[in-house]
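Source file: entry-v4.txt (compact mmCIF, C-alpha atoms)
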# COMPACT_ATOMS: atom_id res chain seq x y z
CA MET A 270 117.14 -94.76 -176.26
CA GLY A 271 119.14 -97.96 -175.86
CA LEU A 272 120.85 -100.23 -178.36
CA PRO A 273 119.32 -101.05 -181.75
CA VAL A 274 116.67 -103.71 -181.58
CA SER A 275 118.76 -106.13 -183.58
CA ASP A 276 121.46 -106.01 -180.86
CA GLN A 277 118.99 -106.87 -178.10
CA VAL A 278 116.45 -109.22 -179.67
CA THR A 279 117.47 -112.00 -182.03
CA LEU A 280 114.69 -113.68 -183.96
CA THR A 281 115.44 -116.11 -186.75
CA PRO A 282 113.04 -115.67 -189.70
CA PRO A 283 111.69 -118.86 -191.25
CA GLN A 284 113.56 -120.19 -194.25
CA VAL A 285 111.48 -119.66 -197.39
CA PRO A 286 112.39 -121.54 -200.57
CA ALA A 287 112.80 -119.41 -203.70
CA GLY A 288 109.60 -118.89 -205.65
CA THR A 289 107.23 -119.42 -202.71
CA PRO A 290 104.87 -116.66 -201.44
CA GLN A 291 106.26 -114.24 -198.89
CA PRO A 292 105.52 -115.24 -195.26
CA THR A 293 103.05 -113.31 -193.14
CA ARG A 294 104.86 -110.41 -191.49
CA ILE A 295 103.99 -109.42 -187.92
CA LEU A 296 105.49 -106.33 -186.31
CA VAL A 297 105.85 -106.76 -182.52
CA VAL A 298 106.36 -103.50 -180.62
CA ASP A 299 107.26 -103.78 -176.92
CA ASP A 300 109.80 -102.01 -174.70
CA GLN A 301 110.66 -105.34 -173.04
CA PRO A 302 112.92 -107.58 -175.20
CA ALA A 303 111.77 -110.65 -173.25
CA ASN A 304 108.18 -110.06 -174.33
CA ILE A 305 109.17 -109.78 -177.99
CA GLN A 306 111.21 -112.96 -177.65
CA LEU A 307 108.24 -114.80 -176.10
CA VAL A 308 105.79 -113.62 -178.79
CA GLY A 309 108.32 -114.51 -181.46
CA SER A 310 108.80 -118.03 -180.10
CA VAL A 311 105.03 -118.63 -180.07
CA LEU A 312 104.18 -117.16 -183.46
CA GLY A 313 107.42 -118.20 -185.15
CA LYS A 314 106.26 -121.81 -184.93
CA LEU A 315 103.46 -120.87 -187.34
CA GLU A 316 106.05 -119.67 -189.88
CA TYR A 317 105.19 -116.01 -189.38
CA GLU A 318 108.04 -113.56 -189.93
CA ILE A 319 108.46 -111.53 -186.73
CA ILE A 320 109.75 -107.94 -187.01
CA PRO A 321 110.82 -106.57 -183.60
CA ALA A 322 110.76 -102.95 -182.38
CA LEU A 323 111.54 -101.81 -178.84
CA ASP A 324 109.87 -98.39 -179.07
CA GLY A 325 107.43 -96.31 -181.06
CA PRO A 326 109.91 -94.34 -183.22
CA THR A 327 111.64 -97.56 -184.28
CA ALA A 328 108.29 -99.13 -185.12
CA LEU A 329 107.29 -96.15 -187.28
CA LYS A 330 110.61 -96.33 -189.15
CA ARG A 331 109.98 -99.99 -189.92
CA LEU A 332 106.44 -99.15 -191.06
CA ALA A 333 107.74 -96.47 -193.42
CA ASN A 334 109.79 -99.11 -195.25
CA HIS A 335 107.21 -101.89 -195.49
CA LEU A 336 103.78 -102.37 -193.99
CA PRO A 337 103.34 -105.67 -192.12
CA ASP A 338 100.26 -107.87 -192.24
CA LEU A 339 99.53 -107.36 -188.52
CA ILE A 340 100.91 -105.40 -185.57
CA LEU A 341 101.12 -106.48 -181.93
CA LEU A 342 101.54 -103.22 -180.05
CA ASP A 343 102.38 -102.69 -176.38
CA LEU A 344 100.10 -100.02 -174.95
CA LEU A 345 102.25 -98.63 -172.12
CA MET A 346 105.69 -97.63 -173.40
CA PRO A 347 107.97 -94.70 -172.41
CA GLU A 348 108.37 -91.65 -174.70
CA MET A 349 105.65 -92.69 -177.14
CA ASP A 350 102.80 -94.91 -175.97
CA GLY A 351 100.93 -97.43 -178.09
CA CYS A 352 97.95 -95.14 -178.76
CA GLU A 353 100.21 -92.46 -180.24
CA VAL A 354 102.03 -95.06 -182.36
CA CYS A 355 98.70 -96.33 -183.65
CA ARG A 356 97.44 -92.83 -184.46
CA ARG A 357 100.62 -92.06 -186.42
CA LEU A 358 100.42 -95.43 -188.13
CA ARG A 359 96.94 -94.62 -189.46
CA GLU A 360 98.40 -91.54 -191.17
CA ILE A 361 100.53 -93.79 -193.42
CA PRO A 362 98.81 -94.49 -196.77
CA GLY A 363 97.49 -98.06 -196.93
CA SER A 364 97.79 -98.63 -193.18
CA GLU A 365 94.01 -98.64 -192.67
CA ASN A 366 94.00 -102.31 -193.71
CA VAL A 367 96.66 -103.38 -191.17
CA PRO A 368 95.05 -104.79 -187.99
CA VAL A 369 96.56 -103.65 -184.67
CA ILE A 370 96.19 -105.81 -181.57
CA PHE A 371 97.17 -104.06 -178.36
CA LEU A 372 99.07 -105.88 -175.61
CA SER A 373 99.16 -104.50 -172.08
CA ALA A 374 99.56 -105.59 -168.47
CA ALA A 375 96.97 -102.95 -167.52
CA ASP A 376 93.41 -104.25 -167.44
CA ASP A 377 91.87 -100.79 -167.31
CA LYS A 378 88.64 -100.48 -169.30
CA ASP A 379 89.32 -96.80 -170.03
CA LEU A 380 92.68 -97.74 -171.53
CA VAL A 381 90.99 -100.41 -173.65
CA VAL A 382 88.54 -97.83 -174.98
CA GLN A 383 91.39 -95.40 -175.76
CA ALA A 384 93.30 -98.13 -177.59
CA LEU A 385 90.31 -99.06 -179.74
CA LYS A 386 89.56 -95.40 -180.48
CA ALA A 387 93.17 -94.95 -181.61
CA GLY A 388 92.64 -97.60 -184.28
CA GLY A 389 93.15 -100.95 -182.61
CA VAL A 390 90.97 -103.93 -183.50
CA ASP A 391 91.60 -106.10 -180.42
CA TYR A 392 93.19 -106.05 -176.96
CA ILE A 393 95.03 -108.79 -175.08
CA THR A 394 95.98 -108.52 -171.42
CA LYS A 395 99.47 -109.63 -170.34
CA PRO A 396 100.51 -112.14 -169.24
CA PHE A 397 98.66 -113.67 -172.16
CA ASN A 398 97.58 -117.22 -172.79
CA GLN A 399 99.56 -118.53 -175.75
CA ALA A 400 96.59 -120.33 -177.30
CA GLU A 401 94.50 -117.15 -177.00
CA LEU A 402 97.26 -115.09 -178.63
CA VAL A 403 97.53 -117.51 -181.56
CA LEU A 404 93.75 -117.65 -182.02
CA ARG A 405 93.30 -113.87 -181.98
CA VAL A 406 96.20 -113.33 -184.37
CA LYS A 407 94.84 -115.95 -186.77
CA THR A 408 91.37 -114.43 -186.58
CA GLN A 409 92.58 -110.95 -187.46
CA LEU A 410 94.83 -112.25 -190.25
CA ASP A 411 91.93 -114.25 -191.71
CA LEU A 412 89.71 -111.16 -191.60
CA LYS A 413 92.42 -109.08 -193.29
CA SER A 414 92.89 -111.74 -195.96
CA ALA A 415 89.13 -111.78 -196.62
CA ARG A 416 89.04 -107.97 -196.86
CA ASP A 417 92.00 -107.97 -199.22
CA ARG A 418 90.35 -110.58 -201.47
CA LEU A 419 87.08 -108.64 -201.53
CA LYS A 420 88.93 -105.43 -202.35
CA GLN A 421 90.79 -107.12 -205.21
CA LEU A 422 87.59 -108.65 -206.54
CA ALA A 423 85.90 -105.24 -206.41
CA GLU A 424 88.83 -103.63 -208.24
CA ASP A 425 88.83 -106.36 -210.88
CA ARG A 426 85.07 -105.99 -211.33
CA ASP A 427 85.27 -102.22 -211.63
CA GLU A 428 88.15 -102.46 -214.11
CA LEU A 429 86.23 -104.93 -216.27
CA LEU A 430 83.01 -102.91 -216.14
CA GLY A 431 84.95 -99.75 -216.93
CA MET A 432 86.59 -101.36 -219.97
CA LEU A 433 83.25 -102.67 -221.23
CA ALA A 434 81.50 -99.35 -220.64
CA HIS A 435 84.28 -97.43 -222.37
CA ASP A 436 84.12 -99.67 -225.42
CA LEU A 437 80.33 -99.44 -225.42
CA LYS A 438 80.52 -95.66 -225.32
CA ASN A 439 82.79 -95.55 -228.36
CA HIS A 440 80.60 -97.95 -230.38
CA LEU A 441 77.38 -96.26 -229.30
CA GLY A 442 78.77 -92.87 -230.24
CA GLY A 443 79.46 -94.13 -233.75
CA MET A 444 76.03 -95.76 -233.98
CA GLN A 445 74.37 -92.57 -232.76
CA MET A 446 76.06 -90.49 -235.42
CA SER A 447 75.08 -92.95 -238.14
CA SER A 448 71.51 -93.05 -236.81
CA GLN A 449 71.25 -89.26 -236.96
CA LEU A 450 72.42 -89.17 -240.58
CA LEU A 451 70.10 -92.03 -241.51
CA HIS A 452 67.14 -90.38 -239.80
CA LYS A 453 67.70 -87.09 -241.65
CA ARG A 454 67.88 -88.92 -245.01
CA ILE A 455 64.71 -90.90 -244.29
CA GLU A 456 62.87 -87.69 -243.37
CA ARG A 457 63.84 -86.19 -246.71
CA LEU A 458 62.49 -89.26 -248.51
CA GLY A 459 59.12 -88.80 -246.81
CA ASP A 460 58.71 -92.38 -245.60
CA GLU A 461 56.76 -91.82 -242.37
CA ARG A 462 56.96 -95.42 -241.11
CA ALA A 463 60.72 -95.62 -241.67
CA ALA A 464 61.08 -92.19 -240.05
CA ARG A 465 59.30 -93.40 -236.91
CA LEU A 466 61.48 -96.51 -236.74
CA SER A 467 64.69 -94.52 -237.20
CA GLU A 468 63.53 -92.05 -234.57
CA ASN A 469 63.02 -94.93 -232.10
CA ILE A 470 66.52 -96.20 -232.85
CA LEU A 471 67.93 -92.70 -232.38
CA ARG A 472 66.11 -92.18 -229.06
CA SER A 473 67.04 -95.61 -227.65
CA GLY A 474 70.66 -95.18 -228.68
CA GLY A 475 70.74 -91.75 -227.04
CA GLN A 476 69.35 -93.12 -223.80
CA LEU A 477 71.88 -95.93 -223.70
CA LEU A 478 74.77 -93.61 -224.54
CA THR A 479 73.70 -91.21 -221.79
CA PHE A 480 73.59 -94.05 -219.25
CA VAL A 481 77.04 -95.33 -220.23
CA LYS A 482 78.57 -91.85 -219.98
CA GLU A 483 77.05 -91.30 -216.54
CA PHE A 484 78.16 -94.76 -215.44
CA LEU A 485 81.76 -93.92 -216.38
CA THR A 486 81.58 -90.55 -214.63
CA ASN A 487 80.17 -92.18 -211.49
CA ALA A 488 82.84 -94.90 -211.53
CA ALA A 489 85.58 -92.27 -211.82
CA ALA A 490 84.10 -90.35 -208.87
CA ASP A 491 83.94 -93.57 -206.81
CA HIS A 492 87.66 -94.13 -207.29
CA GLY A 493 88.60 -90.70 -206.09
CA VAL A 494 88.19 -87.45 -207.94
CA PHE A 495 91.49 -85.88 -209.04
CA LEU A 496 90.74 -82.16 -209.11
CA GLN A 497 92.76 -79.18 -210.21
CA PRO A 498 91.19 -76.30 -208.29
CA ALA A 499 91.40 -72.87 -209.87
CA THR A 500 89.67 -69.53 -209.54
CA LEU A 501 86.57 -69.65 -211.77
CA ASN A 502 83.60 -67.36 -212.34
CA LEU A 503 80.44 -69.25 -211.41
CA SER A 504 78.16 -66.87 -213.33
CA GLU A 505 80.19 -67.37 -216.51
CA ALA A 506 80.23 -71.15 -216.03
CA ALA A 507 76.43 -71.17 -215.60
CA ALA A 508 75.99 -69.01 -218.72
CA ARG A 509 78.09 -71.44 -220.79
CA ALA A 510 76.12 -74.41 -219.48
CA LEU A 511 72.84 -72.67 -220.35
CA GLN A 512 73.97 -72.15 -223.94
CA LYS A 513 74.29 -75.91 -224.38
CA TYR A 514 70.65 -76.41 -223.42
CA ALA A 515 69.14 -73.42 -225.19
CA GLU A 516 68.01 -75.44 -228.22
CA ALA A 517 66.63 -78.28 -226.09
CA ALA A 518 64.65 -75.73 -224.06
CA ARG A 519 63.23 -74.12 -227.21
CA SER A 520 62.17 -77.48 -228.64
CA LYS A 521 60.30 -78.19 -225.39
CA GLN A 522 58.90 -74.64 -225.26
CA LEU A 523 60.56 -73.93 -221.93
CA VAL A 524 61.38 -70.44 -220.70
CA LEU A 525 64.94 -70.11 -219.38
CA GLU A 526 65.33 -67.14 -217.05
CA THR A 527 68.69 -66.12 -215.61
CA ARG A 528 69.75 -63.89 -212.74
CA LEU A 529 73.52 -64.10 -212.84
CA ALA A 530 75.38 -61.64 -210.66
CA ALA A 531 78.02 -59.79 -212.66
CA GLU A 532 80.48 -59.40 -209.79
CA ASP A 533 81.77 -61.24 -206.74
CA THR A 534 80.99 -64.74 -208.08
CA ALA A 535 84.53 -66.17 -208.18
CA VAL A 536 84.82 -69.69 -206.72
CA LEU A 537 87.60 -72.17 -206.11
CA ALA A 538 86.65 -75.18 -208.24
CA ASP A 539 87.76 -77.64 -210.89
CA ALA A 540 86.63 -76.52 -214.35
CA SER A 541 85.70 -79.97 -215.65
CA ALA A 542 83.92 -81.01 -212.43
CA LEU A 543 81.98 -77.72 -212.31
CA ASP A 544 80.85 -78.19 -215.93
CA GLN A 545 79.64 -81.71 -215.14
CA VAL A 546 77.72 -80.49 -212.08
CA LEU A 547 75.95 -77.71 -213.98
CA ASP A 548 75.24 -80.00 -216.94
CA ASN A 549 73.62 -82.60 -214.71
CA LEU A 550 71.51 -80.08 -212.83
CA LEU A 551 70.32 -78.31 -215.96
CA SER A 552 69.66 -81.60 -217.72
CA ASN A 553 67.48 -82.71 -214.80
CA ALA A 554 65.59 -79.42 -214.77
CA LEU A 555 64.80 -79.75 -218.49
CA LYS A 556 63.81 -83.41 -218.15
CA PHE A 557 61.29 -82.89 -215.39
CA THR A 558 59.81 -79.55 -216.37
CA PRO A 559 56.69 -80.03 -218.50
CA PRO A 560 56.44 -78.38 -221.97
CA GLY A 561 55.70 -74.69 -221.64
CA GLY A 562 57.26 -74.56 -218.17
CA HIS A 563 59.77 -72.18 -216.62
CA ILE A 564 63.32 -72.67 -215.33
CA LEU A 565 65.19 -70.03 -213.32
CA VAL A 566 68.97 -70.14 -212.93
CA SER A 567 70.53 -67.67 -210.51
CA VAL A 568 74.04 -67.09 -209.17
CA HIS A 569 74.84 -64.73 -206.31
CA PRO A 570 77.29 -64.35 -203.41
CA SER A 571 76.30 -66.00 -200.12
CA GLY A 572 78.59 -65.23 -197.20
CA GLY A 573 81.87 -67.06 -197.62
CA GLN A 574 80.47 -68.98 -200.60
CA VAL A 575 78.88 -68.38 -203.98
CA GLU A 576 75.47 -69.95 -204.57
CA CYS A 577 73.90 -71.27 -207.77
CA ARG A 578 70.17 -72.05 -207.69
CA ILE A 579 68.33 -73.98 -210.41
CA GLN A 580 64.55 -73.76 -209.96
CA ASP A 581 62.15 -75.74 -212.17
CA ASP A 582 58.39 -76.16 -212.60
CA GLY A 583 58.49 -79.96 -212.39
CA PRO A 584 56.64 -82.26 -209.99
CA GLY A 585 59.14 -81.67 -207.17
CA PHE A 586 60.38 -84.28 -204.72
CA THR A 587 58.37 -86.23 -202.19
CA ALA A 588 59.70 -86.81 -198.66
CA GLU A 589 60.74 -90.32 -199.73
CA ASP A 590 62.47 -88.92 -202.83
CA ARG A 591 64.54 -86.53 -200.74
CA VAL A 592 65.88 -89.41 -198.64
CA ARG A 593 67.07 -91.29 -201.74
CA MET A 594 67.70 -88.58 -204.32
CA PHE A 595 71.51 -88.55 -204.04
CA ARG A 596 71.90 -92.33 -204.08
CA ARG A 597 73.19 -94.11 -207.17
CA TYR A 598 70.55 -95.49 -209.53
CA ALA A 599 67.79 -94.03 -207.36
CA ARG A 600 64.38 -94.28 -208.99
CA LEU A 601 62.34 -91.31 -207.86
CA SER A 602 58.64 -90.63 -208.17
CA ALA A 603 59.00 -88.04 -210.96
CA ARG A 604 59.43 -89.12 -214.58
CA PRO A 605 60.89 -87.14 -217.50
CA THR A 606 58.13 -85.23 -219.26
CA GLY A 607 59.45 -85.59 -222.81
CA GLY A 608 60.70 -89.17 -222.97
CA GLU A 609 64.25 -88.12 -222.03
CA PRO A 610 66.65 -90.77 -220.63
CA SER A 611 67.18 -90.94 -216.87
CA SER A 612 69.83 -93.24 -215.38
CA GLY A 613 69.41 -92.31 -211.72
CA LEU A 614 73.10 -91.34 -211.54
CA GLY A 615 73.00 -87.59 -212.18
CA LEU A 616 72.41 -86.33 -208.65
CA SER A 617 74.81 -88.83 -207.06
CA ILE A 618 77.53 -87.54 -209.41
CA VAL A 619 76.65 -83.93 -208.51
CA LEU A 620 76.97 -84.66 -204.79
CA LYS A 621 80.35 -86.41 -205.12
CA LEU A 622 81.86 -83.70 -207.32
CA VAL A 623 80.57 -80.78 -205.24
CA GLN A 624 81.78 -82.36 -202.00
CA ALA A 625 85.17 -83.03 -203.62
CA MET A 626 85.33 -79.26 -204.32
CA HIS A 627 84.54 -78.59 -200.62
CA GLY A 628 81.07 -77.33 -201.47
CA GLU A 629 77.59 -78.42 -200.54
CA VAL A 630 74.36 -79.40 -202.29
CA THR A 631 70.87 -78.82 -200.91
CA CYS A 632 67.34 -79.14 -202.21
CA GLU A 633 64.20 -77.08 -201.63
CA SER A 634 61.02 -78.67 -202.88
CA ILE A 635 57.30 -78.99 -202.26
CA PRO A 636 55.64 -81.92 -204.06
CA GLY A 637 53.71 -80.64 -207.06
CA GLN A 638 55.30 -77.19 -206.91
CA GLY A 639 58.69 -77.73 -208.51
CA ALA A 640 62.17 -78.13 -207.06
CA CYS A 641 65.21 -75.96 -206.49
CA LEU A 642 68.66 -77.57 -206.44
CA ILE A 643 71.28 -75.39 -204.82
CA ILE A 644 75.06 -75.71 -204.94
CA ARG A 645 77.37 -73.59 -202.81
CA LEU A 646 81.09 -73.41 -203.57
CA PRO A 647 83.88 -71.78 -201.58
CA ARG A 648 85.43 -68.49 -202.59
CA PRO A 649 89.15 -68.43 -203.47
CA THR A 650 91.45 -67.86 -200.53
CA THR A 651 93.22 -64.52 -200.61

Since I need it in another form, could you write the structure as structure tokens?
Amino acid sequence: MGLPVSDQVTLTPPQVPAGTPQPTRILVVDDQPANIQLVGSVLGKLEYEIIPALDGPTALKRLANHLPDLILLDLLMPEMDGCEVCRRLREIPGSENVPVIFLSAADDKDLVVQALKAGGVDYITKPFNQAELVLRVKTQLDLKSARDRLKQLAEDRDELLGMLAHDLKNHLGGMQMSSQLLHKRIERLGDERAARLSENILRSGGQLLTFVKEFLTNAAADHGVFLQPATLNLSEAAARALQKYAEAARSKQLVLETRLAAEDTAVLADASALDQVLDNLLSNALKFTPPGGHILVSVHPSGGQVECRIQDDGPGFTAEDRVRMFRRYARLSARPTGGEPSSGLGLSIVLKLVQAMHGEVTCESIPGQGACLIIRLPRPTT
């Protein structure tokens, strides 16, 4: 294994005055101390902090403590080659943003392809030209810096939008409640014109509140869904979801038919995510089914999964719709038949949540003949 790197390669880090930003850190991995010394002498002039490692295991130990800004990695090393080091590096959380430039005396195109497949972003053949090394390192560091800035801007934007949407939801919820009470009082007074105006306020507020809620749900799904999988009964979950929409279906004169298997419908899913999925699918079915129409909800076992099908009598999806239907804010050809709000987020949320539960979503539809949205969720492992 040899002596510790610090006993064989001595590199003096640049002196950084207190209060100044940390220098750019570059990990140089090479089984030849002379190569590390040469790279360090070239890049050290640019005030980069050079972290040496003479083998793969040492490099991975250094990475476990602190991720560098860039890695220069020798491809051909004993015990653990550069490709294996790179593959293990990519398993470390956050390492996907660290560029890896491979260094090798071998100018074999197959090796270059292997290195890039392992996660490298560039490849320099030894003996290298110093100006080329500096230029390629600067290029990759500039690209990383740009990616980091864009990521931070995106996080700041999402945080701000989330705060605004959350505050809007709270205020809109209060306004909606007040509007409902006001509308009921106006109806009792018998003022038809005021009743129409209050009804418009109530409807518009409901549409905006629905959009804000779906925006927040979509934003949460975008940032990673934290699920708590448990054994749940899909038939029972569908029955509960149907109860929420029973009154809305009656007011629209829709027939809700169910075929919920009584046995063998246990799934491994998150309770909250499953409720959101069923709510969105049922809400869509009610929106797009014309008054007097029919909606069928069925749950039954399907191989190693349990399947829930929601069939409506709406206009269905065109071929173009089916390409875009799971995208955020997608505007499809069909329109709600009773003036209900539609944000274009419902199906994108369904897809993200179902996939996060290791399930799948499919659609069967013929334009003009309704649509059937199908979710399949895994059974619990025994």

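Remark: for A:Arg359, the closest of the candidate residues A:Ala333, A:Ile295, A:Ile305, A:Val524 is A:Ala333 (distances computed over only C-alpha atoms).
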
Contacts of stretch 373-378 of chain A at 9 Å (all atoms listed in the file; same-chain gap of 4+ positions) as an MDAnalysis selection string
chainID A and resid 342:345 382:383 392:397

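The nearest approach to A:Gly628 among the residues A:Gln580, A:Gln574, A:Thr650, A:Thr527, with all atoms listed in the file taken into account, belongs to A:Gln574.
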
Can you find the residues with an atom no farther than 12 Å from (105.4, -120.4, -184.6), counting all atoms listed in the file, and report them as a PDB file with C-alpha atoms, keeping the file's coordinate frame?
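As written to disk, selection.pdb reads:
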ATOM      1  CA  LEU A 280     114.690-113.680-183.960  1.00  0.00           C
ATOM      2  CA  THR A 281     115.440-116.110-186.750  1.00  0.00           C
ATOM      3  CA  PRO A 282     113.040-115.670-189.700  1.00  0.00           C
ATOM      4  CA  PRO A 283     111.690-118.860-191.250  1.00  0.00           C
ATOM      5  CA  PRO A 292     105.520-115.240-195.260  1.00  0.00           C
ATOM      6  CA  THR A 293     103.050-113.310-193.140  1.00  0.00           C
ATOM      7  CA  ILE A 295     103.990-109.420-187.920  1.00  0.00           C
ATOM      8  CA  GLN A 306     111.210-112.960-177.650  1.00  0.00           C
ATOM      9  CA  LEU A 307     108.240-114.800-176.100  1.00  0.00           C
ATOM     10  CA  VAL A 308     105.790-113.620-178.790  1.00  0.00           C
ATOM     11  CA  GLY A 309     108.320-114.510-181.460  1.00  0.00           C
ATOM     12  CA  SER A 310     108.800-118.030-180.100  1.00  0.00           C
ATOM     13  CA  VAL A 311     105.030-118.630-180.070  1.00  0.00           C
ATOM     14  CA  LEU A 312     104.180-117.160-183.460  1.00  0.00           C
ATOM     15  CA  GLY A 313     107.420-118.200-185.150  1.00  0.00           C
ATOM     16  CA  LYS A 314     106.260-121.810-184.930  1.00  0.00           C
ATOM     17  CA  LEU A 315     103.460-120.870-187.340  1.00  0.00           C
ATOM     18  CA  GLU A 316     106.050-119.670-189.880  1.00  0.00           C
ATOM     19  CA  TYR A 317     105.190-116.010-189.380  1.00  0.00           C
ATOM     20  CA  GLU A 318     108.040-113.560-189.930  1.00  0.00           C
ATOM     21  CA  ILE A 319     108.460-111.530-186.730  1.00  0.00           C
ATOM     22  CA  GLN A 399      99.560-118.530-175.750  1.00  0.00           C
ATOM     23  CA  ALA A 400      96.590-120.330-177.300  1.00  0.00           C
ATOM     24  CA  LEU A 402      97.260-115.090-178.630  1.00  0.00           C
ATOM     25  CA  VAL A 403      97.530-117.510-181.560  1.00  0.00           C
ATOM     26  CA  VAL A 406      96.200-113.330-184.370  1.00  0.00           C
ATOM     27  CA  LYS A 407      94.840-115.950-186.770  1.00  0.00           C
TER      28      LYS A 407
END

Any idea what's packed within 9 Å of A:Ala506, counting all atoms listed in the file, ignoring anything in its chain fewer than 4 positions away? Could you give it as a count of residues only?
8

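With all atoms listed in the file as the atoms that count, the residue of A:Leu525, A:Ala328, A:Val536, A:Leu410 with the shortest distance to A:Thr558 is A:Leu525.
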
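Of the listed residues (A:His335, A:Asn366, A:Met346, A:Asn553), A:Met346 comes nearest to A:Val298; the distances count only C-alpha atoms.
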
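Distances to A:Val390 were evaluated for A:Gln638, A:Ser447, A:Ser617, A:Gln409 using all atoms listed in the file, and the minimum falls at A:Gln409.
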
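Going from atom CA of A:Arg648 over to atom CA of A:Tyr514, you cover 26.7 Å.
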
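Put simply, atom CA of A:Ala303 is 21.5 Å away from atom CA of A:Cys352.
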
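Ranking A:His627, A:Lys413, A:Arg509, A:Arg457 by their shortest atom-to-atom distance to A:Pro368, with only C-alpha atoms included, puts A:Lys413 first.
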
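If you look at atom CA of A:Pro560 and atom CA of A:Gln522, they are 5.6 Å away from each other.
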
Write out as a PyMOL selection string the residues lying within 12 Å of A:Cys355, counting only C-alpha atoms and excluding same-chain residues fewer than 5 positions away.
chain A and resi 298+325-326+328-329+332+340-344+349-350+360-361+364-365+367-371+383-390
